[in-house]
Amino acid sequence: MKAVRTDQELECPEIDAGLRARGVELVTLPEGVSPDRLMREVADADLLLTCYTPITGGIIAQTTRLKGIVKYGVGIDAIDIPAAMARGIPVVNVPDYAEETVAEAAFALMIALARRLPEIGQAVEREGWIWPERRWLGHDIAGATVGLVGTGRIGRSMARMAGAGFRARILGYDPHVDASVMAGCGIEKVDDLHAMLRQSDFVSLHTILNASTRHLIGRAELACMKSTAVLVNVSRGALIDEAALVEAVLAGRLEGVALDVYGQEPLAREGHPLSALFGRPDVILFPHLAFFTSEAMQRLSQETLARCFELLESRPVTIRSHDPRLRAQARNVLFV
């Protein structure tokens, strides 16, 4: 059997070794692989593993014996799921390997900006010592208001850390979660996004990307936020209108911004929509590594291999995600 894994820059030695140990011929392809080469390699593949590379309907149409597409990660926006369904090819992701991990990263970015850790660290490296001048003043999280856009599993973990851990007030905007469920997680439900943004000292994004959430945080929403507010995004880059964000940051309308995800990846110092944010003391640009810990990668490898073996053995593949795009599948899947 043959498997193709895209995005070889994301090193997954356990996944690769596990497939080869089963006698699978594994082909790894780099980020930015041409559609033509990807089509050629996938044409006779039994399994396609992907992370960031777009898997279009045209690529899926070229397959002749593909048993399934495995997203070794969470987001499925880059996969043409309707095209796969039309061919009876199941699509599966690994939705819960890094819930706490990503929430920890979001909290770390939030506290780093609240306490000005990057710029204070740089100043000490440069000068050897600094004194407590007003420009180094940070902010407490205790007693502050944290607004969560999206209160799924990662958002709820973030709420626990900031609320129970740091005694912050937690607000949540999520049209798909009832107030009683949020209350059980220490979150006050707010039905109006703008109203929540106006109250929040920290805003953290934890929602999926779809047609209704693309550019959910745009010019109007950024204008609602306090000038002393911090914005954190470890979810999906396109949740934010990045052109509007650059304008707001350059105009000094936010205290700080921390990003781990971008509408266009990889990030670049020049020629990228967010290039103007490099080198700013009020901005942290993280390279889509909020998920990247030893423990999370071990869980990812184990779950990915389990899904791969189900597919290679022609068993129904286990779908743990509650994303309706995956739940719409009807062939060769098992929902849990």
# chains A, B, ... in the order shown; residues from 1 in each chain; ligands from 1
call {"tool": "residues_around", "arguments": {"residues": "Ala183 (chain A)", "least_positions_apart": "4", "cutoff": "12 Å", "atoms": "only C-alpha atoms", "output": "list in words"}}
result
Thr151, Arg156, Ala159, Arg160, Gly163, Arg169, Ile170, Leu171, Gly172, Val177, Asp178, Ala179, Ile187, Glu188, Lys189 and Val190 of chain A
call {"tool": "residues_around", "arguments": {"residues": "Glu265 (chain A)", "least_positions_apart": "2", "cutoff": "10 Å", "atoms": "only C-alpha atoms", "output": "ChimeraX atom specification"}}
result
/A:52,237,261-263,267-268,272,287-288
call {"tool": "write_last_selection", "arguments": {"atoms": "all heavy atoms", "output": "PDB file, in the first residue's frame"}}
result
ATOM      1  N   TYR A  52      -1.541  21.268   6.134  1.00  0.00           N
ATOM      2  CA  TYR A  52      -1.851  22.610   5.644  1.00  0.00           C
ATOM      3  C   TYR A  52      -2.120  22.666   4.140  1.00  0.00           C
ATOM      4  O   TYR A  52      -2.801  23.567   3.663  1.00  0.00           O
ATOM      5  CB  TYR A  52      -0.685  23.559   5.955  1.00  0.00           C
ATOM      6  CG  TYR A  52      -0.267  23.584   7.408  1.00  0.00           C
ATOM      7  CD1 TYR A  52       1.045  23.294   7.780  1.00  0.00           C
ATOM      8  CD2 TYR A  52      -1.189  23.872   8.410  1.00  0.00           C
ATOM      9  CE1 TYR A  52       1.435  23.309   9.119  1.00  0.00           C
ATOM     10  CE2 TYR A  52      -0.808  23.882   9.741  1.00  0.00           C
ATOM     11  CZ  TYR A  52       0.505  23.600  10.091  1.00  0.00           C
ATOM     12  OH  TYR A  52       0.880  23.605  11.412  1.00  0.00           O
ATOM     13  N   GLY A 237      -6.442  32.254  11.190  1.00  0.00           N
ATOM     14  CA  GLY A 237      -6.045  33.608  10.833  1.00  0.00           C
ATOM     15  C   GLY A 237      -7.165  34.408  10.212  1.00  0.00           C
ATOM     16  O   GLY A 237      -7.330  35.604  10.485  1.00  0.00           O
ATOM     17  N   VAL A 261      -1.702  32.314  14.199  1.00  0.00           N
ATOM     18  CA  VAL A 261      -2.278  31.844  12.938  1.00  0.00           C
ATOM     19  C   VAL A 261      -2.516  33.044  12.025  1.00  0.00           C
ATOM     20  O   VAL A 261      -2.749  34.164  12.481  1.00  0.00           O
ATOM     21  CB  VAL A 261      -3.595  31.090  13.184  1.00  0.00           C
ATOM     22  CG1 VAL A 261      -3.338  29.747  13.835  1.00  0.00           C
ATOM     23  CG2 VAL A 261      -4.541  31.919  14.055  1.00  0.00           C
ATOM     24  N   TYR A 262      -2.491  32.767  10.726  1.00  0.00           N
ATOM     25  CA  TYR A 262      -2.517  33.846   9.746  1.00  0.00           C
ATOM     26  C   TYR A 262      -3.343  33.429   8.530  1.00  0.00           C
ATOM     27  O   TYR A 262      -3.389  32.243   8.177  1.00  0.00           O
ATOM     28  CB  TYR A 262      -1.082  34.197   9.325  1.00  0.00           C
ATOM     29  CG  TYR A 262      -0.203  34.416  10.530  1.00  0.00           C
ATOM     30  CD1 TYR A 262       0.516  33.362  11.104  1.00  0.00           C
ATOM     31  CD2 TYR A 262      -0.140  35.655  11.144  1.00  0.00           C
ATOM     32  CE1 TYR A 262       1.279  33.544  12.242  1.00  0.00           C
ATOM     33  CE2 TYR A 262       0.626  35.848  12.287  1.00  0.00           C
ATOM     34  CZ  TYR A 262       1.327  34.792  12.834  1.00  0.00           C
ATOM     35  OH  TYR A 262       2.063  34.975  13.973  1.00  0.00           O
ATOM     36  N   GLY A 263      -3.966  34.411   7.891  1.00  0.00           N
ATOM     37  CA  GLY A 263      -4.729  34.120   6.698  1.00  0.00           C
ATOM     38  C   GLY A 263      -3.878  33.578   5.579  1.00  0.00           C
ATOM     39  O   GLY A 263      -4.331  32.797   4.748  1.00  0.00           O
ATOM     40  N   LEU A 267       4.127  33.044   7.419  1.00  0.00           N
ATOM     41  CA  LEU A 267       4.365  34.466   7.619  1.00  0.00           C
ATOM     42  C   LEU A 267       5.716  34.837   7.009  1.00  0.00           C
ATOM     43  O   LEU A 267       6.590  33.983   6.850  1.00  0.00           O
ATOM     44  CB  LEU A 267       4.376  34.741   9.117  1.00  0.00           C
ATOM     45  CG  LEU A 267       4.323  36.183   9.619  1.00  0.00           C
ATOM     46  CD1 LEU A 267       3.035  36.863   9.187  1.00  0.00           C
ATOM     47  CD2 LEU A 267       4.427  36.183  11.152  1.00  0.00           C
ATOM     48  N   ALA A 268       5.877  36.086   6.646  1.00  0.00           N
ATOM     49  CA  ALA A 268       7.152  36.536   6.068  1.00  0.00           C
ATOM     50  C   ALA A 268       7.421  37.977   6.483  1.00  0.00           C
ATOM     51  O   ALA A 268       6.487  38.779   6.640  1.00  0.00           O
ATOM     52  CB  ALA A 268       7.116  36.430   4.544  1.00  0.00           C
ATOM     53  N   HIS A 272       4.200  40.211   3.014  1.00  0.00           N
ATOM     54  CA  HIS A 272       3.056  39.551   3.639  1.00  0.00           C
ATOM     55  C   HIS A 272       2.082  40.625   4.135  1.00  0.00           C
ATOM     56  O   HIS A 272       2.517  41.719   4.512  1.00  0.00           O
ATOM     57  CB  HIS A 272       3.523  38.680   4.812  1.00  0.00           C
ATOM     58  CG  HIS A 272       2.463  37.799   5.379  1.00  0.00           C
ATOM     59  ND1 HIS A 272       1.512  38.240   6.261  1.00  0.00           N
ATOM     60  CD2 HIS A 272       2.194  36.473   5.179  1.00  0.00           C
ATOM     61  CE1 HIS A 272       0.704  37.247   6.586  1.00  0.00           C
ATOM     62  NE2 HIS A 272       1.104  36.160   5.945  1.00  0.00           N
ATOM     63  N   PRO A 287       4.821  31.333  15.245  1.00  0.00           N
ATOM     64  CA  PRO A 287       4.762  30.656  13.945  1.00  0.00           C
ATOM     65  C   PRO A 287       3.881  29.409  13.906  1.00  0.00           C
ATOM     66  O   PRO A 287       4.310  28.326  13.534  1.00  0.00           O
ATOM     67  CB  PRO A 287       6.229  30.307  13.701  1.00  0.00           C
ATOM     68  CG  PRO A 287       6.759  30.030  15.068  1.00  0.00           C
ATOM     69  CD  PRO A 287       6.063  31.010  15.970  1.00  0.00           C
ATOM     70  N   HIS A 288       2.610  29.554  14.275  1.00  0.00           N
ATOM     71  CA  HIS A 288       1.634  28.461  14.247  1.00  0.00           C
ATOM     72  C   HIS A 288       2.171  27.245  15.002  1.00  0.00           C
ATOM     73  O   HIS A 288       2.141  26.109  14.510  1.00  0.00           O
ATOM     74  CB  HIS A 288       1.276  28.074  12.809  1.00  0.00           C
ATOM     75  CG  HIS A 288      -0.079  27.405  12.711  1.00  0.00           C
ATOM     76  ND1 HIS A 288      -0.884  27.521  11.612  1.00  0.00           N
ATOM     77  CD2 HIS A 288      -0.755  26.609  13.579  1.00  0.00           C
ATOM     78  CE1 HIS A 288      -2.000  26.832  11.793  1.00  0.00           C
ATOM     79  NE2 HIS A 288      -1.943  26.269  12.984  1.00  0.00           N
TER      80      HIS A 288
END
call {"tool": "closest_residue", "arguments": {"among": "A:Arg116, A:Arg153, A:Arg65, A:Arg214", "to": "Val102 (chain A)", "atoms": "only C-alpha atoms"}}
result
A:Arg153
call {"tool": "residues_around", "arguments": {"residues": "Val257 (chain A)", "least_positions_apart": "4", "cutoff": "8 Å", "atoms": "only C-alpha atoms", "output": "list of chain:residue names"}}
result
A:Leu113, A:Val230, A:Leu231, A:Val232, A:Val249, A:Asp282, A:Val283, A:Ile284
call {"tool": "write_last_selection", "arguments": {"atoms": "all heavy atoms", "output": "PDB file, in the first residue's frame"}}
result
ATOM      1  N   LEU A 113       1.858  39.553  26.981  1.00  0.00           N
ATOM      2  CA  LEU A 113       1.545  40.938  26.607  1.00  0.00           C
ATOM      3  C   LEU A 113       1.082  41.748  27.810  1.00  0.00           C
ATOM      4  O   LEU A 113       1.418  42.927  27.930  1.00  0.00           O
ATOM      5  CB  LEU A 113       0.466  40.951  25.517  1.00  0.00           C
ATOM      6  CG  LEU A 113       0.949  40.566  24.120  1.00  0.00           C
ATOM      7  CD1 LEU A 113      -0.219  40.458  23.159  1.00  0.00           C
ATOM      8  CD2 LEU A 113       1.967  41.579  23.596  1.00  0.00           C
ATOM      9  N   VAL A 230      -6.054  43.702  24.817  1.00  0.00           N
ATOM     10  CA  VAL A 230      -5.130  42.781  24.163  1.00  0.00           C
ATOM     11  C   VAL A 230      -5.959  41.763  23.376  1.00  0.00           C
ATOM     12  O   VAL A 230      -6.947  41.225  23.883  1.00  0.00           O
ATOM     13  CB  VAL A 230      -4.255  42.058  25.201  1.00  0.00           C
ATOM     14  CG1 VAL A 230      -3.573  40.834  24.597  1.00  0.00           C
ATOM     15  CG2 VAL A 230      -3.215  43.020  25.771  1.00  0.00           C
ATOM     16  N   LEU A 231      -5.535  41.489  22.140  1.00  0.00           N
ATOM     17  CA  LEU A 231      -6.219  40.536  21.279  1.00  0.00           C
ATOM     18  C   LEU A 231      -5.294  39.344  21.011  1.00  0.00           C
ATOM     19  O   LEU A 231      -4.136  39.532  20.619  1.00  0.00           O
ATOM     20  CB  LEU A 231      -6.605  41.194  19.954  1.00  0.00           C
ATOM     21  CG  LEU A 231      -7.220  40.294  18.870  1.00  0.00           C
ATOM     22  CD1 LEU A 231      -8.560  39.720  19.333  1.00  0.00           C
ATOM     23  CD2 LEU A 231      -7.401  41.076  17.573  1.00  0.00           C
ATOM     24  N   VAL A 232      -5.806  38.125  21.214  1.00  0.00           N
ATOM     25  CA  VAL A 232      -5.035  36.900  21.009  1.00  0.00           C
ATOM     26  C   VAL A 232      -5.789  36.006  20.031  1.00  0.00           C
ATOM     27  O   VAL A 232      -6.995  35.791  20.184  1.00  0.00           O
ATOM     28  CB  VAL A 232      -4.825  36.144  22.340  1.00  0.00           C
ATOM     29  CG1 VAL A 232      -4.092  34.820  22.100  1.00  0.00           C
ATOM     30  CG2 VAL A 232      -4.062  37.008  23.339  1.00  0.00           C
ATOM     31  N   VAL A 249      -3.461  48.480  14.803  1.00  0.00           N
ATOM     32  CA  VAL A 249      -2.200  48.399  15.554  1.00  0.00           C
ATOM     33  C   VAL A 249      -1.332  49.618  15.259  1.00  0.00           C
ATOM     34  O   VAL A 249      -0.785  50.248  16.181  1.00  0.00           O
ATOM     35  CB  VAL A 249      -1.452  47.099  15.218  1.00  0.00           C
ATOM     36  CG1 VAL A 249      -0.050  47.120  15.815  1.00  0.00           C
ATOM     37  CG2 VAL A 249      -2.226  45.890  15.730  1.00  0.00           C
ATOM     38  N   ASP A 282       4.543  45.789  20.867  1.00  0.00           N
ATOM     39  CA  ASP A 282       3.181  45.485  21.293  1.00  0.00           C
ATOM     40  C   ASP A 282       2.582  44.316  20.516  1.00  0.00           C
ATOM     41  O   ASP A 282       1.376  44.051  20.607  1.00  0.00           O
ATOM     42  CB  ASP A 282       2.277  46.710  21.145  1.00  0.00           C
ATOM     43  CG  ASP A 282       2.322  47.323  19.746  1.00  0.00           C
ATOM     44  OD1 ASP A 282       3.163  46.902  18.945  1.00  0.00           O
ATOM     45  OD2 ASP A 282       1.514  48.236  19.475  1.00  0.00           O
ATOM     46  N   VAL A 283       3.398  43.617  19.756  1.00  0.00           N
ATOM     47  CA  VAL A 283       2.914  42.508  18.933  1.00  0.00           C
ATOM     48  C   VAL A 283       3.797  41.278  19.140  1.00  0.00           C
ATOM     49  O   VAL A 283       5.030  41.375  19.123  1.00  0.00           O
ATOM     50  CB  VAL A 283       2.899  42.879  17.428  1.00  0.00           C
ATOM     51  CG1 VAL A 283       2.509  41.678  16.576  1.00  0.00           C
ATOM     52  CG2 VAL A 283       1.934  44.049  17.173  1.00  0.00           C
ATOM     53  N   ILE A 284       3.160  40.120  19.329  1.00  0.00           N
ATOM     54  CA  ILE A 284       3.868  38.843  19.339  1.00  0.00           C
ATOM     55  C   ILE A 284       3.391  38.044  18.134  1.00  0.00           C
ATOM     56  O   ILE A 284       2.184  37.808  17.970  1.00  0.00           O
ATOM     57  CB  ILE A 284       3.595  38.042  20.628  1.00  0.00           C
ATOM     58  CG1 ILE A 284       4.118  38.787  21.850  1.00  0.00           C
ATOM     59  CG2 ILE A 284       4.255  36.661  20.546  1.00  0.00           C
ATOM     60  CD1 ILE A 284       3.810  38.090  23.170  1.00  0.00           C
TER      61      ILE A 284
END
call {"tool": "atom_distance", "arguments": {"atom1": "CA of Pro266 (chain A)", "atom2": "CA of Gly121 (chain A)"}}
result
25.9 Å
call {"tool": "closest_atom_pairs", "arguments": {"of": "region 30-73 of chain A", "to": "region 313-323 of chain A", "cutoff": "12 Å", "atoms": "only C-alpha atoms", "output": "CSV"}}
result
residue,atom,partner,partner_atom,distance
A:Asp46,CA,A:Ser314,CA,10.4
A:Leu47,CA,A:Glu313,CA,11.1
A:Arg65,CA,A:Ser314,CA,11.7
A:Leu66,CA,A:Ser314,CA,10.9
A:Lys67,CA,A:Ser314,CA,7.5
A:Gly68,CA,A:Val317,CA,8.6
A:Ile69,CA,A:Val317,CA,10.3
A:Val70,CA,A:Val317,CA,9.8
A:Lys71,CA,A:Ile319,CA,11.5
A:Gly73,CA,A:Ser321,CA,11.2
call {"tool": "residues_around", "arguments": {"residues": "Pro30 (chain A)", "least_positions_apart": "3", "cutoff": "10 Å", "atoms": "only C-alpha atoms", "output": "JSON, numbers by chain"}}
result
{"A": [5, 6, 7, 8, 9, 10, 33, 34, 38, 53]}
call {"tool": "atom_distance", "arguments": {"atom1": "CA of Leu26 (chain A)", "atom2": "CA of Phe335 (chain A)"}}
result
27.6 Å
call {"tool": "select_by_dssp", "arguments": {"residues": "region 68-273 of chain A", "states": "strand (DSSP E or B)", "output": "short mmCIF file (atom, residue, chain, number, x, y, z; two decimals) with C-alpha atoms, in the first residue's frame"}}
result
data_model
loop_
_atom_site.label_atom_id
_atom_site.label_comp_id
_atom_site.auth_asym_id
_atom_site.auth_seq_id
_atom_site.Cartn_x
_atom_site.Cartn_y
_atom_site.Cartn_z
CA GLY A 68 -9.38 8.10 3.01
CA ILE A 69 -7.95 11.54 3.77
CA VAL A 70 -6.50 12.05 7.24
CA LYS A 71 -5.96 15.58 8.53
CA ILE A 79 -9.94 19.97 2.20
CA VAL A 91 -12.23 12.54 5.63
CA VAL A 92 -11.14 12.44 9.26
CA THR A 145 -12.40 40.84 32.02
CA VAL A 146 -11.49 38.17 29.47
CA GLY A 147 -13.77 37.84 26.45
CA LEU A 148 -13.81 34.53 24.60
CA VAL A 149 -15.01 34.30 21.02
CA ARG A 169 -14.21 37.65 34.93
CA ILE A 170 -14.94 35.50 31.85
CA LEU A 171 -17.39 36.51 29.13
CA GLY A 172 -18.26 34.27 26.19
CA TYR A 173 -19.71 34.89 22.75
CA GLU A 188 -21.06 34.60 31.37
CA LYS A 189 -22.81 34.30 28.00
CA PHE A 202 -8.42 40.66 26.88
CA VAL A 203 -10.04 39.00 23.87
CA SER A 204 -9.10 35.47 22.81
CA LEU A 205 -10.43 33.72 19.69
CA ILE A 217 -13.26 40.51 13.86
CA VAL A 230 -5.13 42.78 24.16
CA LEU A 231 -6.22 40.54 21.28
CA VAL A 232 -5.03 36.90 21.01
CA ASN A 233 -5.69 34.53 18.10
CA ILE A 240 -9.63 38.53 11.65
CA GLY A 256 -1.27 44.48 22.25
CA VAL A 257 -1.81 41.70 19.73
CA ALA A 258 -0.58 38.11 19.80
CA LEU A 259 -1.06 35.90 16.75
#
call {"tool": "select_by_dssp", "arguments": {"residues": "region 73-145 of chain A", "states": "alpha helix (DSSP H)", "output": "ChimeraX atom specification"}}
result
/A:81-86,99-114,117-127
call {"tool": "write_last_selection", "arguments": {"atoms": "N, CA and C atoms", "output": "short mmCIF file (atom, residue, chain, number, x, y, z; two decimals), in the first residue's frame"}}
result
data_model
loop_
_atom_site.label_atom_id
_atom_site.label_comp_id
_atom_site.auth_asym_id
_atom_site.auth_seq_id
_atom_site.Cartn_x
_atom_site.Cartn_y
_atom_site.Cartn_z
N ILE A 81 -14.25 18.72 1.16
CA ILE A 81 -14.97 17.58 1.72
C ILE A 81 -16.13 17.15 0.82
N PRO A 82 -16.91 18.06 0.24
CA PRO A 82 -17.97 17.60 -0.68
C PRO A 82 -17.43 16.77 -1.84
N ALA A 83 -16.27 17.14 -2.39
CA ALA A 83 -15.68 16.37 -3.48
C ALA A 83 -15.29 14.98 -3.00
N ALA A 84 -14.75 14.90 -1.78
CA ALA A 84 -14.40 13.59 -1.23
C ALA A 84 -15.65 12.74 -0.99
N MET A 85 -16.69 13.36 -0.44
CA MET A 85 -17.93 12.63 -0.19
C MET A 85 -18.53 12.10 -1.48
N ALA A 86 -18.44 12.90 -2.54
CA ALA A 86 -19.00 12.47 -3.83
C ALA A 86 -18.31 11.22 -4.35
N GLU A 99 -6.14 20.23 23.00
CA GLU A 99 -7.06 21.22 23.57
C GLU A 99 -6.40 22.03 24.68
N GLU A 100 -5.87 21.33 25.68
CA GLU A 100 -5.20 22.02 26.78
C GLU A 100 -3.94 22.71 26.29
N THR A 101 -3.24 22.07 25.37
CA THR A 101 -1.99 22.61 24.86
C THR A 101 -2.20 23.97 24.21
N VAL A 102 -3.19 24.07 23.33
CA VAL A 102 -3.46 25.34 22.64
C VAL A 102 -3.98 26.39 23.62
N ALA A 103 -4.81 25.98 24.56
CA ALA A 103 -5.29 26.93 25.57
C ALA A 103 -4.13 27.47 26.40
N GLU A 104 -3.20 26.61 26.77
CA GLU A 104 -2.02 27.06 27.51
C GLU A 104 -1.23 28.08 26.69
N ALA A 105 -1.09 27.83 25.40
CA ALA A 105 -0.35 28.77 24.55
C ALA A 105 -1.06 30.11 24.47
N ALA A 106 -2.38 30.08 24.33
CA ALA A 106 -3.14 31.33 24.28
C ALA A 106 -2.98 32.11 25.58
N PHE A 107 -3.02 31.38 26.70
CA PHE A 107 -2.86 32.05 27.99
C PHE A 107 -1.45 32.60 28.14
N ALA A 108 -0.46 31.85 27.67
CA ALA A 108 0.92 32.32 27.75
C ALA A 108 1.11 33.60 26.94
N LEU A 109 0.53 33.65 25.75
CA LEU A 109 0.63 34.86 24.92
C LEU A 109 -0.08 36.03 25.59
N MET A 110 -1.23 35.75 26.20
CA MET A 110 -1.98 36.80 26.86
C MET A 110 -1.20 37.40 28.03
N ILE A 111 -0.64 36.54 28.86
CA ILE A 111 0.07 37.04 30.03
C ILE A 111 1.39 37.70 29.62
N ALA A 112 1.98 37.22 28.53
CA ALA A 112 3.22 37.84 28.05
C ALA A 112 2.98 39.29 27.64
N LEU A 113 1.86 39.55 26.98
CA LEU A 113 1.54 40.94 26.61
C LEU A 113 1.08 41.75 27.81
N ALA A 114 0.31 41.11 28.69
CA ALA A 114 -0.17 41.84 29.87
C ALA A 114 0.99 42.35 30.72
N LEU A 117 6.33 41.16 28.71
CA LEU A 117 7.51 40.30 28.84
C LEU A 117 8.47 40.41 27.65
N PRO A 118 7.98 40.44 26.40
CA PRO A 118 8.94 40.52 25.29
C PRO A 118 9.77 41.79 25.31
N GLU A 119 9.12 42.95 25.46
CA GLU A 119 9.89 44.19 25.38
C GLU A 119 10.76 44.41 26.62
N ILE A 120 10.30 43.96 27.80
CA ILE A 120 11.15 44.08 28.99
C ILE A 120 12.37 43.17 28.85
N GLY A 121 12.14 41.95 28.36
CA GLY A 121 13.26 41.04 28.15
C GLY A 121 14.27 41.59 27.17
N GLN A 122 13.77 42.18 26.07
CA GLN A 122 14.67 42.77 25.08
C GLN A 122 15.44 43.95 25.67
N ALA A 123 14.76 44.75 26.51
CA ALA A 123 15.42 45.91 27.11
C ALA A 123 16.55 45.48 28.05
N VAL A 124 16.30 44.42 28.81
CA VAL A 124 17.34 43.92 29.73
C VAL A 124 18.51 43.35 28.94
N GLU A 125 18.21 42.62 27.86
CA GLU A 125 19.27 42.10 27.00
C GLU A 125 20.11 43.23 26.43
N ARG A 126 19.45 44.33 26.10
CA ARG A 126 20.12 45.46 25.45
C ARG A 126 20.89 46.32 26.45
N GLU A 127 20.28 46.56 27.62
CA GLU A 127 20.83 47.54 28.56
C GLU A 127 21.42 46.91 29.83
#
call {"tool": "closest_residue", "arguments": {"among": "A:Ser275, A:Cys308, A:Glu221, A:Ala162", "to": "Val4 (chain A)", "atoms": "only C-alpha atoms"}}
result
A:Cys308
call {"tool": "atom_distance", "arguments": {"atom1": "CA of Gly252 (chain A)", "atom2": "CA of Ser200 (chain A)"}}
result
17.1 Å
call {"tool": "closest_residue", "arguments": {"among": "A:Ser301, A:Thr228, A:Gln264, A:Asn332", "to": "Tyr72 (chain A)", "atoms": "only C-alpha atoms"}}
result
A:Ser301
call {"tool": "decode", "arguments": {"residues": "region 144-163 of chain A", "atoms": "N, CA and C atoms", "output": "mmCIF file, in the first residue's frame"}}
result
data_model
loop_
_atom_site.group_PDB
_atom_site.id
_atom_site.type_symbol
_atom_site.label_atom_id
_atom_site.label_comp_id
_atom_site.auth_asym_id
_atom_site.auth_seq_id
_atom_site.Cartn_x
_atom_site.Cartn_y
_atom_site.Cartn_z
ATOM 1 N N ALA A 144 -9.482 41.397 35.888
ATOM 2 C CA ALA A 144 -9.748 41.880 34.539
ATOM 3 C C ALA A 144 -10.879 41.078 33.909
ATOM 4 N N THR A 145 -11.343 41.534 32.758
ATOM 5 C CA THR A 145 -12.397 40.839 32.021
ATOM 6 C C THR A 145 -11.806 40.223 30.765
ATOM 7 N N VAL A 146 -11.975 38.908 30.637
ATOM 8 C CA VAL A 146 -11.490 38.168 29.473
ATOM 9 C C VAL A 146 -12.691 37.771 28.619
ATOM 10 N N GLY A 147 -12.693 38.190 27.367
ATOM 11 C CA GLY A 147 -13.769 37.842 26.455
ATOM 12 C C GLY A 147 -13.332 36.737 25.512
ATOM 13 N N LEU A 148 -14.110 35.667 25.445
ATOM 14 C CA LEU A 148 -13.807 34.528 24.595
ATOM 15 C C LEU A 148 -14.758 34.502 23.402
ATOM 16 N N VAL A 149 -14.204 34.475 22.223
ATOM 17 C CA VAL A 149 -15.008 34.303 21.018
ATOM 18 C C VAL A 149 -14.929 32.830 20.656
ATOM 19 N N GLY A 150 -15.961 32.085 21.017
ATOM 20 C CA GLY A 150 -15.949 30.643 20.879
ATOM 21 C C GLY A 150 -15.696 29.997 22.215
ATOM 22 N N THR A 151 -16.609 29.135 22.642
ATOM 23 C CA THR A 151 -16.469 28.499 23.957
ATOM 24 C C THR A 151 -16.576 26.978 23.822
ATOM 25 N N GLY A 152 -15.890 26.438 22.831
ATOM 26 C CA GLY A 152 -15.757 24.996 22.716
ATOM 27 C C GLY A 152 -14.729 24.486 23.698
ATOM 28 N N ARG A 153 -14.129 23.358 23.383
ATOM 29 C CA ARG A 153 -13.237 22.711 24.351
ATOM 30 C C ARG A 153 -12.017 23.560 24.677
ATOM 31 N N ILE A 154 -11.418 24.194 23.667
ATOM 32 C CA ILE A 154 -10.237 25.025 23.937
ATOM 33 C C ILE A 154 -10.647 26.290 24.674
ATOM 34 N N GLY A 155 -11.747 26.901 24.242
ATOM 35 C CA GLY A 155 -12.222 28.105 24.923
ATOM 36 C C GLY A 155 -12.547 27.853 26.383
ATOM 37 N N ARG A 156 -13.128 26.704 26.664
ATOM 38 C CA ARG A 156 -13.470 26.385 28.053
ATOM 39 C C ARG A 156 -12.219 26.132 28.888
ATOM 40 N N SER A 157 -11.212 25.536 28.281
ATOM 41 C CA SER A 157 -9.944 25.371 29.000
ATOM 42 C C SER A 157 -9.336 26.732 29.315
ATOM 43 N N MET A 158 -9.416 27.633 28.353
ATOM 44 C CA MET A 158 -8.916 28.997 28.569
ATOM 45 C C MET A 158 -9.702 29.681 29.687
ATOM 46 N N ALA A 159 -11.003 29.467 29.702
ATOM 47 C CA ALA A 159 -11.841 30.066 30.750
ATOM 48 C C ALA A 159 -11.437 29.564 32.127
ATOM 49 N N ARG A 160 -11.155 28.273 32.229
ATOM 50 C CA ARG A 160 -10.754 27.712 33.527
ATOM 51 C C ARG A 160 -9.430 28.311 33.998
ATOM 52 N N MET A 161 -8.480 28.431 33.071
ATOM 53 C CA MET A 161 -7.173 28.976 33.446
ATOM 54 C C MET A 161 -7.288 30.422 33.918
ATOM 55 N N ALA A 162 -8.003 31.227 33.151
ATOM 56 C CA ALA A 162 -8.090 32.653 33.480
ATOM 57 C C ALA A 162 -9.056 32.919 34.621
ATOM 58 N N GLY A 163 -10.135 32.127 34.704
ATOM 59 C CA GLY A 163 -11.138 32.353 35.734
ATOM 60 C C GLY A 163 -10.764 31.735 37.060
#
